[in-house]
$ cat entry_5.cif   # mmCIF, C-alpha atoms and all ligand atoms
data_final
loop_
_atom_site.label_atom_id
_atom_site.label_comp_id
_atom_site.auth_asym_id
_atom_site.auth_seq_id
_atom_site.Cartn_x
_atom_site.Cartn_y
_atom_site.Cartn_z
CA MET A 1 -2.97 -19.49 66.35
CA PRO A 2 -0.62 -20.12 63.44
CA ARG A 3 0.74 -16.92 61.90
CA TRP A 4 0.67 -18.52 58.46
CA PRO A 5 0.85 -16.99 55.85
CA ASP A 6 2.92 -14.15 57.46
CA PRO A 7 6.27 -13.77 55.69
CA ASP A 8 8.42 -13.67 58.85
CA THR A 9 7.81 -17.10 60.41
CA LYS A 10 10.25 -19.96 60.99
CA SER A 11 8.08 -22.04 58.66
CA ARG A 12 8.65 -19.52 55.87
CA SER A 13 12.43 -19.57 56.34
CA LEU A 14 12.48 -23.39 56.50
CA TYR A 15 10.57 -23.47 53.23
CA ASP A 16 13.09 -21.10 51.64
CA ARG A 17 15.88 -23.49 52.70
CA ALA A 18 13.90 -26.50 51.47
CA LEU A 19 13.36 -24.96 48.02
CA ASN A 20 17.13 -25.35 47.44
CA VAL A 21 17.15 -29.10 48.01
CA LEU A 22 13.66 -30.58 47.59
CA PRO A 23 11.61 -30.40 44.36
CA GLY A 24 8.90 -27.82 45.05
CA GLY A 25 10.40 -27.42 48.54
CA VAL A 26 8.62 -30.42 50.05
CA THR A 27 8.16 -34.16 50.13
CA ARG A 28 4.60 -33.98 51.47
CA VAL A 29 2.43 -32.01 49.10
CA ALA A 30 -1.12 -32.84 50.14
CA PRO A 31 -1.72 -30.99 53.43
CA TRP A 32 -0.84 -27.42 52.47
CA GLN A 33 -1.38 -24.64 49.99
CA PRO A 34 0.73 -21.61 48.98
CA PRO A 35 2.57 -19.54 49.96
CA TYR A 36 4.35 -22.07 52.20
CA PRO A 37 3.67 -25.11 54.39
CA VAL A 38 3.49 -24.84 58.16
CA TYR A 39 6.37 -26.92 59.55
CA ALA A 40 5.66 -29.19 62.52
CA GLN A 41 7.94 -29.26 65.55
CA SER A 42 6.16 -32.05 67.42
CA CYS A 43 2.79 -33.68 67.78
CA LYS A 44 0.86 -35.22 70.66
CA GLY A 45 -2.71 -36.51 70.81
CA ALA A 46 -4.90 -34.48 68.50
CA TRP A 47 -2.49 -31.56 68.33
CA ILE A 48 0.54 -30.46 66.31
CA THR A 49 2.92 -27.80 67.64
CA ASP A 50 4.47 -25.90 64.76
CA VAL A 51 8.04 -24.58 64.60
CA ASP A 52 6.77 -21.13 65.61
CA GLY A 53 5.20 -22.58 68.78
CA ASN A 54 1.55 -22.52 67.64
CA GLN A 55 -0.97 -25.27 68.36
CA ILE A 56 -2.91 -26.81 65.47
CA PHE A 57 -5.78 -29.30 65.85
CA ASP A 58 -4.91 -32.02 63.33
CA LEU A 59 -7.89 -33.46 61.47
CA ILE A 60 -5.70 -35.06 58.80
CA ASN A 61 -4.00 -37.45 61.24
CA ASN A 62 -1.24 -38.31 58.82
CA PHE A 63 -3.72 -39.05 56.06
CA ALA A 64 -6.08 -41.20 58.12
CA SER A 65 -3.32 -43.44 59.47
CA LEU A 66 -3.25 -42.19 63.09
CA ILE A 67 -6.48 -43.61 64.43
CA HIS A 68 -5.22 -42.93 67.98
CA GLY A 69 -3.81 -39.50 67.15
CA HIS A 70 -0.13 -38.64 67.62
CA ALA A 71 2.23 -40.37 70.03
CA HIS A 72 -0.34 -42.50 71.82
CA PRO A 73 1.28 -43.47 75.17
CA ALA A 74 0.61 -47.24 74.83
CA ILE A 75 2.13 -47.33 71.33
CA ILE A 76 5.09 -45.15 72.30
CA ASP A 77 5.82 -47.32 75.38
CA ALA A 78 5.72 -50.53 73.34
CA VAL A 79 7.86 -49.12 70.54
CA THR A 80 10.35 -47.59 72.98
CA ALA A 81 10.72 -50.95 74.72
CA GLN A 82 11.15 -52.63 71.34
CA LEU A 83 13.83 -50.22 70.10
CA SER A 84 16.49 -51.47 72.49
CA HIS A 85 15.84 -55.00 71.22
CA GLY A 86 16.27 -54.07 67.58
CA THR A 87 14.39 -52.45 64.75
CA ALA A 88 14.56 -54.88 61.84
CA CYS A 89 16.11 -58.14 62.90
CA THR A 90 16.74 -59.91 59.58
CA MET A 91 14.80 -62.98 60.80
CA PRO A 92 11.00 -63.19 61.11
CA THR A 93 9.57 -62.28 64.51
CA GLU A 94 6.64 -63.26 66.69
CA ARG A 95 5.14 -59.77 66.30
CA GLU A 96 4.56 -60.37 62.59
CA VAL A 97 2.74 -63.62 63.37
CA ALA A 98 0.67 -61.94 66.09
CA LEU A 99 -0.46 -59.04 63.91
CA ALA A 100 -1.39 -61.41 61.07
CA GLU A 101 -3.31 -63.59 63.58
CA LEU A 102 -5.21 -60.57 64.88
CA LEU A 103 -6.22 -59.55 61.35
CA CYS A 104 -7.25 -63.09 60.34
CA GLU A 105 -9.27 -63.53 63.54
CA ARG A 106 -11.20 -60.32 62.91
CA VAL A 107 -11.95 -60.61 59.20
CA PRO A 108 -13.62 -63.74 57.73
CA ALA A 109 -12.19 -63.05 54.24
CA PHE A 110 -8.60 -63.18 55.54
CA ASP A 111 -6.99 -66.63 55.46
CA LYS A 112 -3.46 -65.28 54.99
CA VAL A 113 -1.68 -61.92 55.20
CA ARG A 114 1.41 -60.69 53.35
CA PHE A 115 2.97 -57.51 54.83
CA CYS A 116 4.66 -54.75 52.85
CA ASN A 117 5.55 -51.12 53.53
CA SER A 118 2.77 -48.95 52.09
CA GLY A 119 -0.71 -48.94 50.66
CA THR A 120 0.72 -48.34 47.20
CA GLU A 121 2.78 -51.51 47.51
CA ALA A 122 -0.21 -53.44 48.85
CA VAL A 123 -2.32 -52.44 45.84
CA MET A 124 0.54 -53.28 43.47
CA LEU A 125 0.97 -56.72 45.04
CA ALA A 126 -2.77 -57.43 45.01
CA VAL A 127 -2.99 -56.54 41.31
CA LYS A 128 0.07 -58.69 40.55
CA ALA A 129 -1.46 -61.54 42.55
CA ALA A 130 -4.70 -61.25 40.57
CA ARG A 131 -2.79 -61.27 37.28
CA ALA A 132 -0.73 -64.28 38.35
CA PHE A 133 -3.79 -66.16 39.58
CA THR A 134 -6.00 -65.49 36.53
CA GLY A 135 -3.34 -65.21 33.83
CA ARG A 136 -5.17 -62.09 32.58
CA PRO A 137 -3.76 -58.59 32.03
CA ALA A 138 -6.41 -55.95 32.69
CA LEU A 139 -7.57 -54.15 35.82
CA ALA A 140 -10.90 -52.38 36.32
CA LYS A 141 -10.97 -49.44 38.70
CA VAL A 142 -13.40 -46.67 39.54
CA GLU A 143 -13.18 -43.23 37.94
CA GLY A 144 -11.58 -40.75 40.35
CA ALA A 145 -10.66 -43.41 42.93
CA TYR A 146 -7.16 -43.03 44.41
CA HIS A 147 -5.26 -46.23 45.17
CA GLY A 148 -1.69 -44.95 45.56
CA THR A 149 0.99 -44.36 42.96
CA TYR A 150 1.35 -47.74 41.20
CA ASP A 151 1.16 -47.20 37.42
CA HIS A 152 -2.02 -49.13 36.69
CA VAL A 153 -4.07 -47.38 39.33
CA GLU A 154 -2.84 -43.87 38.54
CA VAL A 155 -5.40 -43.64 35.77
CA SER A 156 -8.48 -41.40 35.52
CA LEU A 157 -7.77 -39.72 38.82
CA ASP A 158 -8.54 -36.22 37.67
CA SER A 159 -10.27 -36.82 34.36
CA ARG A 160 -11.81 -33.51 33.31
CA PRO A 161 -15.29 -32.79 31.89
CA GLU A 162 -13.86 -32.32 28.38
CA ASN A 163 -12.74 -36.00 28.50
CA TRP A 164 -16.03 -37.37 29.73
CA GLY A 165 -17.53 -39.68 27.13
CA ASN A 166 -20.58 -41.75 27.87
CA ASP A 167 -18.50 -44.39 29.62
CA PRO A 168 -15.52 -43.31 31.67
CA ASN A 169 -12.42 -43.73 29.52
CA PRO A 170 -8.89 -44.25 30.86
CA VAL A 171 -7.05 -40.94 31.14
CA ALA A 172 -3.39 -40.74 32.17
CA PHE A 173 -2.80 -38.93 35.46
CA VAL A 174 1.01 -38.94 35.26
CA ALA A 175 3.04 -37.57 32.36
CA GLY A 176 4.74 -40.39 30.50
CA THR A 177 2.16 -43.08 31.33
CA PRO A 178 2.72 -45.81 28.70
CA LYS A 179 -0.19 -46.48 26.34
CA ALA A 180 -0.03 -50.15 27.38
CA VAL A 181 -0.97 -49.12 30.92
CA LEU A 182 -4.05 -47.25 29.68
CA ASP A 183 -4.97 -50.14 27.38
CA ASP A 184 -5.02 -52.51 30.33
CA THR A 185 -6.99 -50.25 32.66
CA VAL A 186 -10.77 -50.27 32.49
CA ILE A 187 -12.64 -47.42 34.16
CA LEU A 188 -15.93 -47.92 35.99
CA PRO A 189 -18.42 -45.22 37.03
CA PHE A 190 -18.92 -45.19 40.81
CA ASN A 191 -22.34 -46.03 42.23
CA GLN A 192 -23.85 -46.81 38.83
CA PRO A 193 -24.61 -50.52 39.14
CA GLU A 194 -25.93 -51.25 35.64
CA ALA A 195 -23.28 -49.29 33.74
CA ALA A 196 -20.40 -50.65 35.84
CA ALA A 197 -21.63 -54.27 35.56
CA ARG A 198 -22.12 -53.86 31.79
CA ILE A 199 -18.53 -52.59 31.35
CA ILE A 200 -17.18 -55.49 33.43
CA ARG A 201 -19.16 -57.99 31.34
CA GLU A 202 -17.98 -56.37 28.09
CA GLN A 203 -14.33 -56.65 29.15
CA GLY A 204 -15.02 -60.29 30.01
CA ALA A 205 -12.02 -62.58 29.83
CA ARG A 206 -9.48 -59.72 29.78
CA LEU A 207 -10.07 -58.71 33.40
CA ALA A 208 -7.73 -60.00 36.10
CA ALA A 209 -9.33 -57.92 38.83
CA VAL A 210 -11.93 -55.37 39.77
CA LEU A 211 -10.50 -52.96 42.34
CA ILE A 212 -12.96 -51.12 44.55
CA ASP A 213 -13.02 -48.87 47.58
CA LEU A 214 -16.12 -48.66 49.78
CA MET A 215 -15.87 -44.88 49.89
CA PRO A 216 -13.27 -43.44 47.55
CA ILE A 217 -12.27 -40.10 49.02
CA TYR A 218 -12.06 -38.32 45.64
CA THR A 219 -15.36 -39.54 44.22
CA GLY A 220 -17.17 -37.25 46.60
CA CYS A 221 -16.54 -39.27 49.76
CA VAL A 222 -19.95 -40.98 49.54
CA PRO A 223 -20.28 -44.66 50.46
CA ALA A 224 -20.82 -47.28 47.77
CA THR A 225 -24.46 -48.32 47.57
CA PRO A 226 -25.35 -51.97 48.29
CA GLU A 227 -26.70 -52.22 44.70
CA PHE A 228 -23.39 -51.06 43.26
CA LEU A 229 -21.33 -53.46 45.38
CA LYS A 230 -23.62 -56.36 44.53
CA ALA A 231 -23.65 -55.58 40.80
CA ILE A 232 -19.90 -55.24 40.40
CA THR A 233 -18.92 -58.20 42.59
CA GLU A 234 -21.42 -60.44 40.77
CA ALA A 235 -20.26 -59.23 37.35
CA ALA A 236 -16.60 -59.66 38.35
CA ARG A 237 -17.17 -63.20 39.57
CA ALA A 238 -19.19 -64.08 36.47
CA THR A 239 -16.18 -63.13 34.33
CA GLY A 240 -13.70 -64.91 36.61
CA ALA A 241 -12.04 -61.67 37.75
CA ILE A 242 -10.70 -61.29 41.30
CA VAL A 243 -12.47 -58.77 43.54
CA ILE A 244 -9.87 -56.63 45.32
CA LEU A 245 -11.21 -54.38 48.06
CA ASP A 246 -8.92 -51.45 48.86
CA GLU A 247 -9.35 -50.97 52.61
CA VAL A 248 -6.30 -48.77 53.04
CA ILE A 249 -8.65 -46.13 54.46
CA SER A 250 -11.97 -47.92 55.02
CA PHE A 251 -10.49 -50.47 57.41
CA ARG A 252 -11.15 -47.79 60.06
CA PHE A 253 -14.91 -48.27 59.56
CA GLY A 254 -15.18 -51.24 61.89
CA TYR A 255 -13.75 -54.17 63.84
CA SER A 256 -13.87 -56.40 60.74
CA GLY A 257 -12.98 -53.49 58.47
CA GLY A 258 -15.33 -51.76 56.06
CA GLN A 259 -16.17 -55.17 54.60
CA GLY A 260 -17.76 -56.18 57.90
CA VAL A 261 -19.90 -53.05 57.91
CA PHE A 262 -20.86 -53.11 54.22
CA GLY A 263 -21.34 -56.89 54.14
CA ILE A 264 -18.99 -57.75 51.30
CA GLU A 265 -16.49 -60.59 51.11
CA PRO A 266 -13.67 -59.76 48.70
CA ASP A 267 -11.12 -62.23 47.34
CA LEU A 268 -8.22 -59.95 48.27
CA THR A 269 -8.04 -56.89 50.52
CA THR A 270 -5.37 -54.21 50.63
CA LEU A 271 -4.50 -52.65 53.98
CA ALA A 272 -2.14 -49.95 55.27
CA LYS A 273 -2.41 -46.86 57.50
CA ILE A 274 -4.12 -47.85 60.79
CA ILE A 275 -2.62 -51.35 60.92
CA GLY A 276 0.87 -49.80 61.33
CA GLY A 277 0.16 -47.87 64.54
CA GLY A 278 1.77 -44.74 63.04
CA PHE A 279 4.64 -46.44 61.19
CA PRO A 280 4.99 -47.25 57.47
CA VAL A 281 2.99 -50.36 56.59
CA GLY A 282 0.95 -52.15 53.99
CA ALA A 283 -0.54 -55.62 53.61
CA VAL A 284 -2.45 -57.84 51.23
CA ALA A 285 -4.84 -60.27 52.86
CA GLY A 286 -7.24 -62.78 51.41
CA LYS A 287 -8.32 -66.20 50.41
CA GLU A 288 -5.85 -69.04 50.80
CA LYS A 289 -5.98 -70.17 47.18
CA ILE A 290 -5.07 -66.74 45.83
CA MET A 291 -2.59 -65.83 48.58
CA ALA A 292 -0.74 -69.02 47.59
CA VAL A 293 0.83 -66.99 44.76
CA PHE A 294 3.13 -65.49 47.43
CA ASP A 295 4.12 -68.90 48.87
CA HIS A 296 7.81 -69.52 48.18
CA ARG A 297 7.82 -73.17 49.28
CA SER A 298 7.33 -74.55 45.80
CA GLY A 299 10.67 -72.96 44.89
CA LYS A 300 9.81 -69.81 42.98
CA PRO A 301 6.64 -68.02 44.11
CA ALA A 302 4.29 -66.86 41.35
CA VAL A 303 4.59 -63.31 42.73
CA ALA A 304 7.78 -62.17 44.40
CA SER A 305 7.10 -59.86 47.30
CA THR A 306 10.10 -59.06 49.40
CA GLY A 307 11.30 -55.74 50.78
CA THR A 308 14.10 -54.81 53.14
CA PHE A 309 11.89 -53.40 55.87
CA THR A 310 8.75 -55.49 55.43
CA ALA A 311 7.24 -56.66 58.74
CA ASN A 312 9.99 -54.88 60.67
CA MET A 313 9.73 -55.15 64.43
CA VAL A 314 8.93 -51.50 65.08
CA THR A 315 5.98 -51.38 62.70
CA MET A 316 4.68 -54.77 63.80
CA THR A 317 4.89 -53.75 67.47
CA ALA A 318 3.13 -50.43 66.92
CA GLY A 319 0.53 -51.99 64.64
CA LEU A 320 -0.30 -54.74 67.09
CA VAL A 321 -0.77 -52.36 70.03
CA GLY A 322 -2.75 -49.88 67.91
CA MET A 323 -5.08 -52.57 66.59
CA GLU A 324 -5.53 -54.18 70.03
CA LEU A 325 -6.71 -50.80 71.32
CA MET A 326 -9.33 -50.79 68.54
CA THR A 327 -11.85 -53.01 70.28
CA GLU A 328 -15.43 -53.23 68.98
CA GLU A 329 -16.37 -50.60 71.59
CA ALA A 330 -13.56 -48.31 70.42
CA PHE A 331 -14.82 -48.52 66.82
CA ASP A 332 -18.38 -47.80 68.00
CA ARG A 333 -17.25 -44.75 69.98
CA LEU A 334 -15.15 -43.39 67.12
CA ASN A 335 -17.94 -43.89 64.56
CA ALA A 336 -20.46 -42.21 66.88
CA LEU A 337 -18.07 -39.25 67.19
CA GLY A 338 -17.93 -39.14 63.38
CA ASP A 339 -21.75 -39.24 63.05
CA ARG A 340 -22.06 -36.46 65.62
CA THR A 341 -19.44 -34.31 63.89
CA ARG A 342 -20.98 -34.68 60.43
CA SER A 343 -24.42 -33.88 61.80
CA LYS A 344 -23.11 -30.75 63.60
CA LEU A 345 -21.19 -29.70 60.50
CA SER A 346 -24.37 -30.02 58.40
CA ASP A 347 -26.23 -27.83 60.93
CA ALA A 348 -23.40 -25.29 60.75
CA VAL A 349 -23.61 -25.29 56.93
CA ARG A 350 -27.36 -24.57 57.12
CA ARG A 351 -26.86 -21.72 59.58
CA SER A 352 -24.07 -20.19 57.52
CA GLN A 353 -26.30 -19.74 54.43
CA TYR A 354 -23.36 -20.87 52.27
CA PRO A 355 -24.29 -23.62 49.74
CA ALA A 356 -21.91 -26.26 51.13
CA GLN A 357 -22.62 -29.88 52.09
CA ILE A 358 -21.05 -32.59 54.21
CA THR A 359 -20.50 -36.17 53.11
CA GLY A 360 -18.60 -39.09 54.61
CA HIS A 361 -19.06 -42.15 56.77
CA GLY A 362 -17.80 -43.43 60.11
CA SER A 363 -14.91 -41.29 61.32
CA ILE A 364 -14.44 -39.50 57.97
CA PHE A 365 -16.02 -36.29 56.68
CA LYS A 366 -15.69 -34.13 53.62
CA ILE A 367 -16.81 -30.54 53.18
CA HIS A 368 -17.96 -29.71 49.64
CA THR A 369 -18.27 -26.08 48.58
CA HIS A 370 -21.31 -26.79 46.44
CA SER A 371 -24.74 -28.23 47.23
CA ARG A 372 -25.49 -30.29 44.11
CA PRO A 373 -26.29 -33.95 44.92
CA VAL A 374 -23.06 -36.00 45.10
CA ASN A 375 -23.09 -39.64 44.05
CA ASP A 376 -19.85 -40.22 42.13
CA TYR A 377 -16.72 -38.57 40.74
CA ARG A 378 -18.49 -36.46 38.13
CA SER A 379 -21.26 -35.19 40.39
CA ALA A 380 -18.63 -34.32 43.01
CA TRP A 381 -16.72 -32.25 40.43
CA SER A 382 -16.23 -28.64 41.60
CA THR A 383 -15.94 -25.53 39.45
CA PRO A 384 -12.78 -23.38 39.74
CA GLU A 385 -14.77 -20.87 41.83
CA GLU A 386 -15.93 -23.62 44.20
CA LEU A 387 -12.35 -24.91 44.50
CA ALA A 388 -11.16 -21.37 45.28
CA ASP A 389 -13.74 -21.23 48.09
CA LEU A 390 -12.53 -24.62 49.39
CA ALA A 391 -8.95 -23.31 49.43
CA ALA A 392 -10.13 -20.17 51.26
CA LEU A 393 -11.98 -22.37 53.77
CA GLN A 394 -8.93 -24.54 54.44
CA ALA A 395 -6.71 -21.47 54.77
CA GLY A 396 -9.17 -19.73 57.09
CA LEU A 397 -9.43 -22.83 59.28
CA LEU A 398 -5.64 -23.08 59.47
CA ARG A 399 -5.41 -19.48 60.61
CA ARG A 400 -7.91 -20.42 63.35
CA GLY A 401 -5.74 -23.45 64.27
CA PHE A 402 -7.56 -26.32 62.54
CA LEU A 403 -5.98 -28.52 59.86
CA ILE A 404 -8.16 -30.23 57.24
CA SER A 405 -6.96 -31.56 53.89
CA THR A 406 -6.89 -29.37 50.80
CA LYS A 407 -9.71 -31.57 49.47
CA GLY A 408 -11.88 -30.69 52.49
CA ASN A 409 -11.47 -34.06 54.24
CA GLY A 410 -11.05 -34.79 57.92
CA PHE A 411 -10.28 -38.08 59.70
CA LEU A 412 -11.08 -38.35 63.41
CA SER A 413 -9.04 -40.16 66.02
CA THR A 414 -9.96 -41.91 69.25
CA VAL A 415 -8.32 -39.18 71.35
CA MET A 416 -10.42 -36.30 70.00
CA THR A 417 -13.09 -34.91 72.32
CA GLU A 418 -16.59 -33.64 71.58
CA ALA A 419 -15.59 -30.21 72.91
CA GLU A 420 -12.60 -29.99 70.55
CA LEU A 421 -14.74 -31.03 67.61
CA ASP A 422 -17.44 -28.52 68.59
CA SER A 423 -14.81 -25.76 68.41
CA PHE A 424 -13.87 -27.02 64.98
CA VAL A 425 -17.53 -26.91 63.86
CA ASP A 426 -17.78 -23.30 65.13
CA ALA A 427 -14.67 -22.43 63.12
CA VAL A 428 -16.15 -23.99 59.97
CA GLU A 429 -19.36 -22.02 60.47
CA GLY A 430 -17.37 -18.81 60.93
CA GLU A 431 -15.42 -19.36 57.72
CA LEU A 432 -18.51 -20.35 55.70
CA ARG A 433 -20.27 -17.21 56.89
CA ILE A 434 -17.35 -15.17 55.55
CA LEU A 435 -17.57 -17.03 52.21
CA ALA A 436 -21.35 -16.46 52.11
CA THR A 437 -20.97 -12.66 52.21
N1 LIG A 501 -5.38 -46.76 48.64
C1 LIG A 501 -6.12 -45.79 49.20
C2 LIG A 501 -7.61 -45.91 49.23
C3 LIG A 501 -5.49 -44.67 49.76
O1 LIG A 501 -6.22 -43.69 50.30
C4 LIG A 501 -4.08 -44.60 49.74
C5 LIG A 501 -3.39 -43.45 50.35
O2 LIG A 501 -3.96 -42.51 50.83
C6 LIG A 501 -3.35 -45.64 49.14
C7 LIG A 501 -4.03 -46.72 48.61
C8 LIG A 501 -1.86 -45.60 49.11
O3 LIG A 501 -1.35 -45.78 50.40
P1 LIG A 501 0.12 -45.28 50.78
O4 LIG A 501 0.05 -43.78 50.86
O5 LIG A 501 0.41 -45.94 52.09
O6 LIG A 501 1.02 -45.74 49.69
#
$ encode --input "entry_5.cif" --output "structure tokens"
Amino acid sequence: MPRWPDPDTKSRSLYDRALNVLPGGVTRVAPWQPPYPVYAQSCKGAWITDVDGNQIFDLINNFASLIHGHAHPAIIDAVTAQLSHGTACTMPTEREVALAELLCERVPAFDKVRFCNSGTEAVMLAVKAARAFTGRPALAKVEGAYHGTYDHVEVSLDSRPENWGNDPNPVAFVAGTPKAVLDDTVILPFNQPEAAARIIREQGARLAAVLIDLMPIYTGCVPATPEFLKAITEAARATGAIVILDEVISFRFGYSGGQGVFGIEPDLTTLAKIIGGGFPVGAVAGKEKIMAVFDHRSGKPAVASTGTFTANMVTMTAGLVGMELMTEEAFDRLNALGDRTRSKLSDAVRRSQYPAQITGHGSIFKIHTHSRPVNDYRSAWSTPEELADLAALQAGLLRRGFLISTKGNGFLSTVMTEAELDSFVDAVEGELRILAT
């Protein structure tokens, strides 16, 4: 069991060193809370070994990117074999073609794929493509939905109740956000079909794109309803705006991505995480006529998208092997494991007598430390006391050797077993019982 937060661990002394050279002592902020992060020594399968020699069951899986857990043997073998033949070979490679072919074969809405290095970059490129294609400036996004750290999507991420008007208004998330960015960002309420469609219609000819996620993690981690998806895609198309589906996370929902499961056909899709097999990756994929903005053959492409390490051989190799392992059966098994885990967690919540609830879909869950119905960002909002309980839950689980995100999320991998997840459920019940007293 991790000895965190004891003051005499190797993790503590590493953090003290790090405070001298890294702002806040870290580069990765999301998976830990004070007084210091647990430092990893190595990771294998579903488990991390920390620098003090403790084993931690990792339900974050590098922020949902490791769908096969850590160091999957098939991926490591392929990457190891690749390394002696080069890492980034200046010229294009067959691997890049093969991964793009795999994606286009699986997803009807993909005619072409453009690779990049992260989900943030993918979203940025998709928004630029939509602007170039439509000649319009504005972007509509959902209140509370995270799409990476590109300026125009870092809006209304943590809008607070005191800012809530009738319609969601754009609120800067980052200090120094230019007013022009806020002016060109339109905020939609999640899962409210009429209101969202009305706002899209009102913005009319200004909108280049409507950016949506099938289950934004920070809007309560509840899936979009069919009515909501229908209303906003119809309204977007009626105004001539491009529909961009952010599948950076939801691509793990199924063989043809979340769009195959939810029955939606976007104009552009952004990808990252699982398609890189554990290495940095991003991609924009979509309809031929829009993807043509990236085509350089006319001389100058409408949207420049280069990047020193884009489609490098290591990422393409790992991504290809990782995605090939994700057969339809593998998705079914992983989703069934997710359904089972959420159901067992809900039973554990009931037994604990603590007013928590579990949301999520497929291989993703979220633990809320309140029991009010959750449908969107505002209804998922937690009071400071509820957030303190969530922090106590995450800390308690870490002391028992289980890592979930500070937001209460977990992302399963294909190498996790029912027995391991049952132990996790027992640990959650134990911690909730403590909170209930
Ligand atoms: N879009 C969504 C839905 C995400 O969850 C994330 C990251 O978690 C991003 C975009 C940004 O991806 P990246 O961290 O690869 O830049």
$ residues_near_ligand --input "entry_5.cif" --ligand "ligand LIG 501 (chain A)" --cutoff "9 Å" --atoms "all atoms listed in the file" --output "JSON list (two decimals) with C-alpha atoms, in the frame of the given file"
[["chain", "number", "residue", "atom", "x", "y", "z"],
["A", 63, "PHE", "CA", -3.72, -39.05, 56.06],
["A", 64, "ALA", "CA", -6.08, -41.20, 58.12],
["A", 65, "SER", "CA", -3.32, -43.44, 59.47],
["A", 117, "ASN", "CA", 5.55, -51.12, 53.53],
["A", 118, "SER", "CA", 2.77, -48.95, 52.09],
["A", 119, "GLY", "CA", -0.71, -48.94, 50.66],
["A", 120, "THR", "CA", 0.72, -48.34, 47.20],
["A", 121, "GLU", "CA", 2.78, -51.51, 47.51],
["A", 122, "ALA", "CA", -0.21, -53.44, 48.85],
["A", 123, "VAL", "CA", -2.32, -52.44, 45.84],
["A", 145, "ALA", "CA", -10.66, -43.41, 42.93],
["A", 146, "TYR", "CA", -7.16, -43.03, 44.41],
["A", 147, "HIS", "CA", -5.26, -46.23, 45.17],
["A", 148, "GLY", "CA", -1.69, -44.95, 45.56],
["A", 149, "THR", "CA", 0.99, -44.36, 42.96],
["A", 150, "TYR", "CA", 1.35, -47.74, 41.20],
["A", 212, "ILE", "CA", -12.96, -51.12, 44.55],
["A", 213, "ASP", "CA", -13.02, -48.87, 47.58],
["A", 214, "LEU", "CA", -16.12, -48.66, 49.78],
["A", 215, "MET", "CA", -15.87, -44.88, 49.89],
["A", 216, "PRO", "CA", -13.27, -43.44, 47.55],
["A", 217, "ILE", "CA", -12.27, -40.10, 49.02],
["A", 246, "ASP", "CA", -8.92, -51.45, 48.86],
["A", 247, "GLU", "CA", -9.35, -50.97, 52.61],
["A", 248, "VAL", "CA", -6.30, -48.77, 53.04],
["A", 249, "ILE", "CA", -8.65, -46.13, 54.46],
["A", 250, "SER", "CA", -11.97, -47.92, 55.02],
["A", 270, "THR", "CA", -5.37, -54.21, 50.63],
["A", 271, "LEU", "CA", -4.50, -52.65, 53.98],
["A", 272, "ALA", "CA", -2.14, -49.95, 55.27],
["A", 273, "LYS", "CA", -2.41, -46.86, 57.50],
["A", 280, "PRO", "CA", 4.99, -47.25, 57.47],
["A", 281, "VAL", "CA", 2.99, -50.36, 56.59],
["A", 282, "GLY", "CA", 0.95, -52.15, 53.99]]
$ closest_residue --input "entry_5.cif" --among "A:Gly299, A:Lys141, A:Cys221, A:Val261" --to "Gly408 of chain A" --atoms "all atoms listed in the file"
A:Cys221
$ residues_around --input "entry_5.cif" --residues "Ile367 of chain A" --least-positions-apart "4" --cutoff "7 Å" --atoms "only C-alpha atoms" --output "PyMOL selection string"
chain A and resi 356-359+408-409
$ write_last_selection --input "entry_5.cif" --atoms "C-alpha atoms" --output "mmCIF file, in the frame of the given file"
data_model
loop_
_atom_site.group_PDB
_atom_site.id
_atom_site.type_symbol
_atom_site.label_atom_id
_atom_site.label_comp_id
_atom_site.auth_asym_id
_atom_site.auth_seq_id
_atom_site.Cartn_x
_atom_site.Cartn_y
_atom_site.Cartn_z
ATOM 1 C CA ALA A 356 -21.910 -26.260 51.130
ATOM 2 C CA GLN A 357 -22.620 -29.880 52.090
ATOM 3 C CA ILE A 358 -21.050 -32.590 54.210
ATOM 4 C CA THR A 359 -20.500 -36.170 53.110
ATOM 5 C CA GLY A 408 -11.880 -30.690 52.490
ATOM 6 C CA ASN A 409 -11.470 -34.060 54.240
#
$ closest_residue --input "entry_5.cif" --among "A:Arg114, A:Arg206, A:Ala109, A:Pro35" --to "Ile264 of chain A" --atoms "only C-alpha atoms"
A:Ala109
$ closest_residue --input "entry_5.cif" --among "A:Gly276, A:Gly45, A:Lys128, A:Tyr39" --to "Leu320 of chain A" --atoms "only C-alpha atoms"
A:Gly276
$ closest_residue --input "entry_5.cif" --among "A:Pro189, A:Met313, A:Val127, A:Thr9" --to "Leu83 of chain A" --atoms "only C-alpha atoms"
A:Met313
$ atom_distance --input "entry_5.cif" --atom1 "atom CA of Asp422 of chain A" --atom2 "atom CA of Ala388 of chain A"
25.2 Å
$ closest_residue --input "entry_5.cif" --among "A:Asp151, A:Glu234, A:Asp267, A:Asp339" --to "Phe133 of chain A" --atoms "only C-alpha atoms"
A:Asp267
$ closest_residue --input "entry_5.cif" --among "A:Ile76, A:Val29, A:Met323, A:Cys43" --to "Arg106 of chain A" --atoms "only C-alpha atoms"
A:Met323
$ atom_distance --input "entry_5.cif" --atom1 "atom CA of Ala241 of chain A" --atom2 "atom CA of Val174 of chain A"
26.3 Å
$ axis_aligned_box --input "entry_5.cif" --around "segment 343-352 of chain A" --padding-each-side "5 Å" --output "lines of an AutoDock Vina configuration file"
center_x = -24.3
center_y = -27.0
center_z = 60.3
size_x = 16.2
size_y = 23.7
size_z = 16.7
$ atom_distance --input "entry_5.cif" --atom1 "atom CA of Ala231 of chain A" --atom2 "atom CA of Ile199 of chain A"
11.2 Å
